[in-house]
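**Q** One structure, pasted below without further comment.
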Amino acid sequence: MEHPQDWTEPGAHQVAPGVYRIPLPLPHDGLRAVNVYAIETGADLALVDGGWALDESRQRLESALRSIGRTVSDIGRFLVTHVHRDHYTQAVAIRREFGSKVSLGIGEKPALEAISEAVRTGENPQLPLLRKAGAEPLVAWLEQLGSSDIPDLSNWEPPDEWLTEDSMLAVPGREIQAVPTPGHTQGHVVFTDLSNGLLFAGDHVLPHITPSIGFEMVPAEQPLGDFLNSLARVRAMPDLRLLPAHGPVTDSTHARVDQLVAHHDERLAQCRAVVESGRDTAYRAAEELPWTRRRRRFADLDVFNQFLAVTETMAHLELLAARGELRRETHDGVRRYTAAGG
């Protein structure tokens with residue numbers, strides 16, 4: 001097992017025969033780094049995830065590959081777990097230079113289309129969700145921001161290959177399978193290498209933090225329900241070595257899945273109790289709940305993390321309503337929750 005404090009150290013760190021973990025920087029992001037995994041496939045490399053298309057990230061990737069006698073031009077294909085910028089955009093940028101093949105889960109197609117539409121219209125597709133959550137202060141902030149943070153669409157081009165249910169991937173010397181694991185995003189996939197006991201987990205199973213749920217360009221009806229079902233699917237597999245996108249490699253995926261399920265059981269109970277105390281919207285409930293392992297107050301979070309907190313809270317409340325543990329009604333476009341017997 002890797003030392004947890006060392007996981008962001010630059011370089012190519014061998015984590016299994018022919019597999020190297022390469023942490024790439026995430027400037028101004030609390031996650032600090034994203035792991036991409038270089039898999040030797042003979043003359044070429046396959047990379048699980050690509051990193052964020054930034055100069056610093058590209059330089060770090062080139063340096064890491066040089067340390068194992070490789071170059072960026074050796075990357076024959078990218079296997080991308082999901083469409084978030086720290087996983088997808090550098091893969092697309094490198095493809096433009098060297099023709100590498102990019103593969104992505106078919107469930108991410110609506111998100112890519114929504115990104116293009118948002119750039120075309122200048123409308124933020126997340127505003128309707130925040131309005132449903134009663135998060136008018138956040139809506140006002142986003143409206144004031146306007147279109148000042150327009151993404152470069154050249155880094156959000158479609159993949160070469162859409163991965164469908166349980167796609168088997170042609171990676172020489174390995175039997176790698178793409179397994180859909182919706183939750184963090186609708187099209188998230190993990191990659192299994194069962195013969196070598198490895199799970200390339202993306203953001204589905206992370207060793208130190210809980211993946212964000214519900215903050216998407218195209219939100220699912222039940223993102224938390226999807227996530228818990230996906231955790232159950234991974235738990236039903238053999239106990240594989242966990243190769244996460246953020247954090248150190250650990251020896252047991254099952255152990256961490258069990259912790260994540262327990263966390264969300266506790267969080268569901270907390271959300272139900274907050275609603276029963278009178279906090280009737282996702283925004284008001286999020287204000288009352290503690291956040292992060294440090295149990296920070298909602299008011300002390302930066303705006304982006306407030307977005308995450310509100311959408312995460314709504315995901316929990318929607319699942320409680322679907323289970324009949326809360327009642328949900330919509331008034332003036334805002335979803336309001338009350339005790340099931342209230």
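Chain labels run A, B, ... following the order of the structure tokens; each chain numbers its residues from 1, and ligands are numbered from 1 in the order shown.
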Sorted by chain and rising residue number, list the residues of stretch 145-220 of chain A at most 10 Å from stretch 104-125 of chain A (counting only C-alpha atoms), each with its closest atom pair and distance in Å to one decimal, as a tab-separated table.

**A**
```
residue	atom	partner	partner_atom	distance
A:Gly146	CA	A:Gly122	CA	7.4
A:Ser147	CA	A:Gly122	CA	5.7
A:Ser148	CA	A:Gly122	CA	9.4
A:Asp149	CA	A:Val119	CA	9.7
A:Ile150	CA	A:Val119	CA	6.5
A:Pro151	CA	A:Val119	CA	7.4
A:Asp152	CA	A:Val119	CA	9.0
A:Leu153	CA	A:Ser116	CA	6.9
A:Trp156	CA	A:Leu112	CA	6.8
A:Glu157	CA	A:Leu112	CA	7.7
A:Pro158	CA	A:Leu112	CA	7.2
A:Pro159	CA	A:Leu104	CA	6.2
A:Asp160	CA	A:Leu104	CA	8.2
A:Glu161	CA	A:Leu104	CA	6.5
A:Trp162	CA	A:Ile106	CA	4.9
A:Leu163	CA	A:Gly105	CA	4.4
A:Thr164	CA	A:Ile106	CA	5.9
A:Glu165	CA	A:Gly105	CA	8.7
A:Ser167	CA	A:Gly105	CA	9.4
A:Ala178	CA	A:Gly105	CA	8.2
A:Val179	CA	A:Gly105	CA	9.0
A:Pro180	CA	A:Gly105	CA	7.4
A:Thr181	CA	A:Gly105	CA	9.6
A:Pro182	CA	A:Gly107	CA	8.1
A:Thr185	CA	A:Glu108	CA	7.6
A:Gln186	CA	A:Gly107	CA	5.5
A:Gly187	CA	A:Gly107	CA	3.5
A:His188	CA	A:Gly105	CA	6.4
A:Val189	CA	A:Gly105	CA	6.2
A:Val190	CA	A:Gly105	CA	9.5
A:Glu216	CA	A:Ala111	CA	7.7
A:Met217	CA	A:Ala111	CA	5.5
A:Val218	CA	A:Ala111	CA	5.8
A:Pro219	CA	A:Ala111	CA	9.0
```

**Q** Using the selection just defined, write its residues with C-alpha atoms as a CSV table (one decimal), in the first residue's frame.

**A**
```
chain,number,residue,atom,x,y,z
A,146,GLY,CA,-22.6,35.1,-16.7
A,147,SER,CA,-20.5,33.7,-19.5
A,148,SER,CA,-17.1,34.8,-18.1
A,149,ASP,CA,-15.9,31.2,-17.7
A,150,ILE,CA,-16.5,29.8,-21.2
A,151,PRO,CA,-14.8,26.5,-21.7
A,152,ASP,CA,-12.7,25.8,-24.8
A,153,LEU,CA,-15.0,23.5,-26.9
A,156,TRP,CA,-14.8,18.9,-25.3
A,157,GLU,CA,-15.0,17.1,-28.7
A,158,PRO,CA,-16.7,13.7,-28.8
A,159,PRO,CA,-14.7,10.6,-28.2
A,160,ASP,CA,-13.6,8.2,-30.9
A,161,GLU,CA,-15.5,5.3,-29.2
A,162,TRP,CA,-18.6,5.3,-27.0
A,163,LEU,CA,-18.3,2.6,-24.4
A,164,THR,CA,-21.5,0.6,-23.8
A,165,GLU,CA,-22.5,-2.0,-21.2
A,167,SER,CA,-17.4,-3.3,-23.3
A,178,ALA,CA,-15.5,-1.1,-19.0
A,179,VAL,CA,-18.2,-1.4,-16.3
A,180,PRO,CA,-20.9,1.4,-16.1
A,181,THR,CA,-21.0,2.9,-12.7
A,182,PRO,CA,-23.4,5.9,-12.8
A,185,THR,CA,-21.8,11.3,-13.4
A,186,GLN,CA,-24.4,9.5,-15.5
A,187,GLY,CA,-21.8,8.0,-17.8
A,188,HIS,CA,-19.1,7.1,-15.3
A,189,VAL,CA,-17.4,3.8,-16.0
A,190,VAL,CA,-14.7,1.9,-14.1
A,216,GLU,CA,-23.9,17.6,-13.4
A,217,MET,CA,-24.6,19.3,-16.6
A,218,VAL,CA,-27.6,16.9,-17.1
A,219,PRO,CA,-28.7,15.7,-13.6
```

**Q** Considering only alpha helix (DSSP H) as DSSP defines it on the backbone, what residues of stretch 18-262 of chain A qualify? List them as a PyMOL selection string.

**A** chain A and resi 55-66+85-98+109-121+127-132+136-145+223-235+253-262

**Q** Generate a file of the selected residues that holds C-alpha atoms, formatted as an mmCIF file, in the first residue's frame.

**A**
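Contents of again_12.cif, as written:
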```cif
data_model
loop_
_atom_site.group_PDB
_atom_site.id
_atom_site.type_symbol
_atom_site.label_atom_id
_atom_site.label_comp_id
_atom_site.auth_asym_id
_atom_site.auth_seq_id
_atom_site.Cartn_x
_atom_site.Cartn_y
_atom_site.Cartn_z
ATOM 1 C CA ASP A 55 0.403 23.544 -19.555
ATOM 2 C CA GLU A 56 1.522 22.469 -16.087
ATOM 3 C CA SER A 57 -0.309 19.169 -16.375
ATOM 4 C CA ARG A 58 1.143 18.469 -19.817
ATOM 5 C CA GLN A 59 4.686 19.174 -18.604
ATOM 6 C CA ARG A 60 4.215 16.899 -15.598
ATOM 7 C CA LEU A 61 2.892 14.096 -17.813
ATOM 8 C CA GLU A 62 5.800 14.409 -20.254
ATOM 9 C CA SER A 63 8.330 14.307 -17.408
ATOM 10 C CA ALA A 64 6.726 11.252 -15.824
ATOM 11 C CA LEU A 65 6.648 9.367 -19.114
ATOM 12 C CA ARG A 66 10.315 10.204 -19.799
ATOM 13 C CA ARG A 85 -12.379 18.329 -17.189
ATOM 14 C CA ASP A 86 -9.650 16.863 -14.965
ATOM 15 C CA HIS A 87 -10.189 13.464 -16.608
ATOM 16 C CA TYR A 88 -11.212 14.203 -20.201
ATOM 17 C CA THR A 89 -9.827 17.421 -21.660
ATOM 18 C CA GLN A 90 -6.112 16.584 -21.855
ATOM 19 C CA ALA A 91 -6.937 13.305 -23.592
ATOM 20 C CA VAL A 92 -8.737 15.269 -26.320
ATOM 21 C CA ALA A 93 -5.891 17.789 -26.587
ATOM 22 C CA ILE A 94 -3.273 15.042 -27.002
ATOM 23 C CA ARG A 95 -5.453 13.282 -29.581
ATOM 24 C CA ARG A 96 -5.307 16.407 -31.757
ATOM 25 C CA GLU A 97 -1.513 16.134 -31.867
ATOM 26 C CA PHE A 98 -0.890 12.415 -32.120
ATOM 27 C CA LYS A 109 -23.091 11.920 -24.394
ATOM 28 C CA PRO A 110 -25.872 14.186 -22.992
ATOM 29 C CA ALA A 111 -23.327 16.034 -20.840
ATOM 30 C CA LEU A 112 -21.051 16.740 -23.809
ATOM 31 C CA GLU A 113 -24.044 17.983 -25.790
ATOM 32 C CA ALA A 114 -25.093 20.192 -22.863
ATOM 33 C CA ILE A 115 -21.623 21.742 -22.671
ATOM 34 C CA SER A 116 -21.813 22.665 -26.355
ATOM 35 C CA GLU A 117 -25.306 24.071 -25.950
ATOM 36 C CA ALA A 118 -24.289 26.123 -22.913
ATOM 37 C CA VAL A 119 -21.430 27.693 -24.853
ATOM 38 C CA ARG A 120 -23.745 28.437 -27.787
ATOM 39 C CA THR A 121 -26.518 30.028 -25.710
ATOM 40 C CA LEU A 127 -29.466 27.024 -12.844
ATOM 41 C CA PRO A 128 -32.779 25.074 -13.035
ATOM 42 C CA LEU A 129 -31.497 22.504 -10.539
ATOM 43 C CA LEU A 130 -30.367 25.205 -8.102
ATOM 44 C CA ARG A 131 -33.748 26.923 -8.419
ATOM 45 C CA LYS A 132 -35.488 23.656 -7.576
ATOM 46 C CA GLU A 136 -31.478 31.663 -4.888
ATOM 47 C CA PRO A 137 -28.232 33.182 -3.483
ATOM 48 C CA LEU A 138 -26.242 30.729 -5.616
ATOM 49 C CA VAL A 139 -28.459 31.335 -8.633
ATOM 50 C CA ALA A 140 -27.852 35.074 -8.291
ATOM 51 C CA TRP A 141 -24.096 34.517 -8.074
ATOM 52 C CA LEU A 142 -24.069 32.373 -11.225
ATOM 53 C CA GLU A 143 -26.222 34.866 -13.115
ATOM 54 C CA GLN A 144 -23.828 37.654 -12.155
ATOM 55 C CA LEU A 145 -20.900 35.511 -13.315
ATOM 56 C CA PRO A 223 -28.110 10.224 -8.731
ATOM 57 C CA LEU A 224 -27.623 8.872 -5.214
ATOM 58 C CA GLY A 225 -29.738 5.815 -5.928
ATOM 59 C CA ASP A 226 -27.654 5.237 -9.056
ATOM 60 C CA PHE A 227 -24.438 5.646 -7.074
ATOM 61 C CA LEU A 228 -25.466 3.189 -4.365
ATOM 62 C CA ASN A 229 -26.506 0.643 -6.989
ATOM 63 C CA SER A 230 -23.134 1.086 -8.692
ATOM 64 C CA LEU A 231 -21.341 0.566 -5.383
ATOM 65 C CA ALA A 232 -23.293 -2.665 -4.938
ATOM 66 C CA ARG A 233 -22.212 -3.777 -8.402
ATOM 67 C CA VAL A 234 -18.547 -3.189 -7.588
ATOM 68 C CA ARG A 235 -18.985 -4.873 -4.190
ATOM 69 C CA THR A 253 -11.957 -1.984 -2.944
ATOM 70 C CA HIS A 254 -14.536 -3.819 -0.825
ATOM 71 C CA ALA A 255 -13.409 -2.180 2.408
ATOM 72 C CA ARG A 256 -13.812 1.307 0.977
ATOM 73 C CA VAL A 257 -17.162 0.519 -0.657
ATOM 74 C CA ASP A 258 -18.476 -0.589 2.730
ATOM 75 C CA GLN A 259 -17.321 2.695 4.259
ATOM 76 C CA LEU A 260 -19.006 4.729 1.505
ATOM 77 C CA VAL A 261 -22.299 2.889 1.936
ATOM 78 C CA ALA A 262 -22.162 3.447 5.704
#
```

**Q** As JSON, numbers by chain, please: every residue in stretch 18-245 of chain A that a backbone DSSP assignment puts in strand (DSSP E).

**A** {"A": [19, 20, 21, 22, 23, 24, 25, 33, 34, 35, 36, 37, 38, 39, 40, 45, 46, 47, 48, 75, 76, 77, 78, 79, 101, 102, 103, 104, 105, 161, 162, 163, 168, 169, 170, 171, 174, 175, 176, 177, 178, 179, 180, 189, 190, 191, 192, 193, 198, 199, 200, 201, 202, 241, 242, 243, 244]}

**Q** One decimal, in Å: what's the spacing between atom CA of A:Tyr37 and atom CA of A:Val80?

**A**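 Computed distance, atom CA of A:Tyr37 to atom CA of A:Val80, equals 10.5 Å.
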
**Q** Pick from A:Val36, A:Leu206, A:Met237, A:Ala133: nearest to A:Arg279, with only C-alpha atoms counted?

**A**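 The answer is A:Ala133, which sits nearest to A:Arg279.
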
**Q** What's around stretch 16-28 of chain A at 10 Å? Count only C-alpha atoms, leave out sequence neighbours fewer than 4 positions away in its own chain, and write the answer as a ChimeraX atom specification.

**A** /A:7-12,32-42,45-48,50-52,54,56-61,63-65,68,86,196-198,241,243-249

**Q** Write the residues you've just listed into a file as a PDB file, in the first residue's frame, and include C-alpha atoms for each of them.

**A**
```
ATOM      1  CA  TRP A   7       0.299  10.313  -3.416  1.00  0.00           C
ATOM      2  CA  THR A   8       0.657  13.749  -5.110  1.00  0.00           C
ATOM      3  CA  GLU A   9       4.458  13.445  -5.542  1.00  0.00           C
ATOM      4  CA  PRO A  10       5.333  13.889  -9.255  1.00  0.00           C
ATOM      5  CA  GLY A  11       6.576  10.953 -11.258  1.00  0.00           C
ATOM      6  CA  ALA A  12       5.548   7.586 -12.628  1.00  0.00           C
ATOM      7  CA  ARG A  32      -4.659  18.773  -5.415  1.00  0.00           C
ATOM      8  CA  ALA A  33      -4.022  16.155  -8.113  1.00  0.00           C
ATOM      9  CA  VAL A  34      -5.614  13.595 -10.395  1.00  0.00           C
ATOM     10  CA  ASN A  35      -4.082  10.191 -11.001  1.00  0.00           C
ATOM     11  CA  VAL A  36      -3.813   8.918 -14.547  1.00  0.00           C
ATOM     12  CA  TYR A  37      -2.593   5.371 -15.066  1.00  0.00           C
ATOM     13  CA  ALA A  38      -0.173   4.397 -17.832  1.00  0.00           C
ATOM     14  CA  ILE A  39      -0.516   0.764 -18.929  1.00  0.00           C
ATOM     15  CA  GLU A  40       2.249  -0.767 -21.016  1.00  0.00           C
ATOM     16  CA  THR A  41       0.778  -2.590 -23.996  1.00  0.00           C
ATOM     17  CA  GLY A  42       3.914  -3.409 -25.960  1.00  0.00           C
ATOM     18  CA  LEU A  45       0.703   2.901 -23.899  1.00  0.00           C
ATOM     19  CA  ALA A  46      -2.918   3.037 -22.824  1.00  0.00           C
ATOM     20  CA  LEU A  47      -3.798   5.757 -20.307  1.00  0.00           C
ATOM     21  CA  VAL A  48      -6.723   5.540 -17.941  1.00  0.00           C
ATOM     22  CA  GLY A  50      -6.025  12.079 -19.304  1.00  0.00           C
ATOM     23  CA  GLY A  51      -5.830  14.924 -16.803  1.00  0.00           C
ATOM     24  CA  TRP A  52      -6.801  18.560 -17.253  1.00  0.00           C
ATOM     25  CA  LEU A  54      -3.234  22.769 -18.788  1.00  0.00           C
ATOM     26  CA  GLU A  56       1.522  22.469 -16.087  1.00  0.00           C
ATOM     27  CA  SER A  57      -0.309  19.169 -16.375  1.00  0.00           C
ATOM     28  CA  ARG A  58       1.143  18.469 -19.817  1.00  0.00           C
ATOM     29  CA  GLN A  59       4.686  19.174 -18.604  1.00  0.00           C
ATOM     30  CA  ARG A  60       4.215  16.899 -15.598  1.00  0.00           C
ATOM     31  CA  LEU A  61       2.892  14.096 -17.813  1.00  0.00           C
ATOM     32  CA  SER A  63       8.330  14.307 -17.408  1.00  0.00           C
ATOM     33  CA  ALA A  64       6.726  11.252 -15.824  1.00  0.00           C
ATOM     34  CA  LEU A  65       6.648   9.367 -19.114  1.00  0.00           C
ATOM     35  CA  ILE A  68       9.961   5.228 -17.828  1.00  0.00           C
ATOM     36  CA  ASP A  86      -9.650  16.863 -14.965  1.00  0.00           C
ATOM     37  CA  ASN A 196      -4.355  -8.897 -12.545  1.00  0.00           C
ATOM     38  CA  GLY A 197      -6.705  -7.998  -9.672  1.00  0.00           C
ATOM     39  CA  LEU A 198      -6.999  -4.283 -10.517  1.00  0.00           C
ATOM     40  CA  ARG A 241      -6.803  -3.486  -5.748  1.00  0.00           C
ATOM     41  CA  LEU A 243      -6.537   2.416  -8.255  1.00  0.00           C
ATOM     42  CA  PRO A 244      -8.414   5.689  -7.671  1.00  0.00           C
ATOM     43  CA  ALA A 245      -8.331   9.013  -9.509  1.00  0.00           C
ATOM     44  CA  HIS A 246      -7.640  10.972  -6.317  1.00  0.00           C
ATOM     45  CA  GLY A 247      -5.629   9.538  -3.441  1.00  0.00           C
ATOM     46  CA  PRO A 248      -3.234   6.629  -2.932  1.00  0.00           C
ATOM     47  CA  VAL A 249      -3.625   3.092  -4.218  1.00  0.00           C
TER      48      VAL A 249
END
```

**Q** Could you pull the residues within 6 Å of stretch 335-341 of chain A, counting only C-alpha atoms, minus those fewer than 6 positions along the same chain, as an NGL selection string?

**A** :A and (132 or 276 or 280-281 or 325-329)

**Q** Could you write out the selected residues, including N, CA and C atoms, as a CSV table (one decimal), in the first residue's frame?

**A**
```csv
chain,number,residue,atom,x,y,z
A,132,LYS,N,-34.7,24.7,-8.2
A,132,LYS,CA,-35.5,23.7,-7.6
A,132,LYS,C,-35.1,23.4,-6.1
A,276,GLU,N,-37.1,17.1,9.2
A,276,GLU,CA,-38.1,17.0,10.2
A,276,GLU,C,-38.0,18.1,11.2
A,280,ASP,N,-37.0,22.9,4.9
A,280,ASP,CA,-37.8,22.2,3.9
A,280,ASP,C,-37.3,22.3,2.5
A,281,THR,N,-36.2,22.9,2.2
A,281,THR,CA,-35.6,22.8,0.9
A,281,THR,C,-34.1,22.3,1.0
A,325,GLU,N,-39.8,8.0,2.7
A,325,GLU,CA,-39.4,8.5,4.1
A,325,GLU,C,-39.5,10.0,4.3
A,326,LEU,N,-39.7,10.7,3.2
A,326,LEU,CA,-40.1,12.1,3.2
A,326,LEU,C,-41.2,12.3,2.2
A,327,ARG,N,-41.9,13.4,2.3
A,327,ARG,CA,-42.8,13.9,1.3
A,327,ARG,C,-42.2,15.0,0.6
A,328,ARG,N,-42.4,15.0,-0.8
A,328,ARG,CA,-41.9,16.1,-1.6
A,328,ARG,C,-43.0,16.7,-2.4
A,329,GLU,N,-43.1,18.1,-2.3
A,329,GLU,CA,-44.0,18.8,-3.2
A,329,GLU,C,-43.3,20.0,-3.8
```

**Q** Write out as a ChimeraX atom specification each polymer residue whose atoms come within 12 Å of A:Gln270, counting only C-alpha atoms; drop sequence neighbours fewer than 4 positions from it.

**A** /A:263-266,274-277,279,285-286,288-291,313,316-317,320

**Q** Skip A:Phe215 itself and residues of its chain fewer than 4 positions away, then list as a compact mmCIF listing (two decimals) with C-alpha atoms, in the first residue's frame all residues within 8 Å of it, counting only C-alpha atoms.

**A**
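Ended up saving to part-v8.txt:
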```
# COMPACT_ATOMS: atom_id res chain seq x y z
CA GLN A 126 -27.28 24.02 -13.68
CA PRO A 219 -28.68 15.69 -13.61
CA PHE A 307 -22.97 24.27 -5.10
CA LEU A 308 -21.72 20.75 -4.42
CA THR A 311 -26.84 19.32 -5.05
CA GLU A 312 -25.53 16.56 -2.78
```

**Q** What is the atom CA of A:Val102-atom CA of A:Arg70 distance in Å, reported with one decimal?

**A**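 Between these atoms lies a distance of 19.0 Å.
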
**Q** At what distance in Å, to one decimal, does atom CA of A:Glu287 lie from atom CA of A:Val205?

**A** 26.3 Å
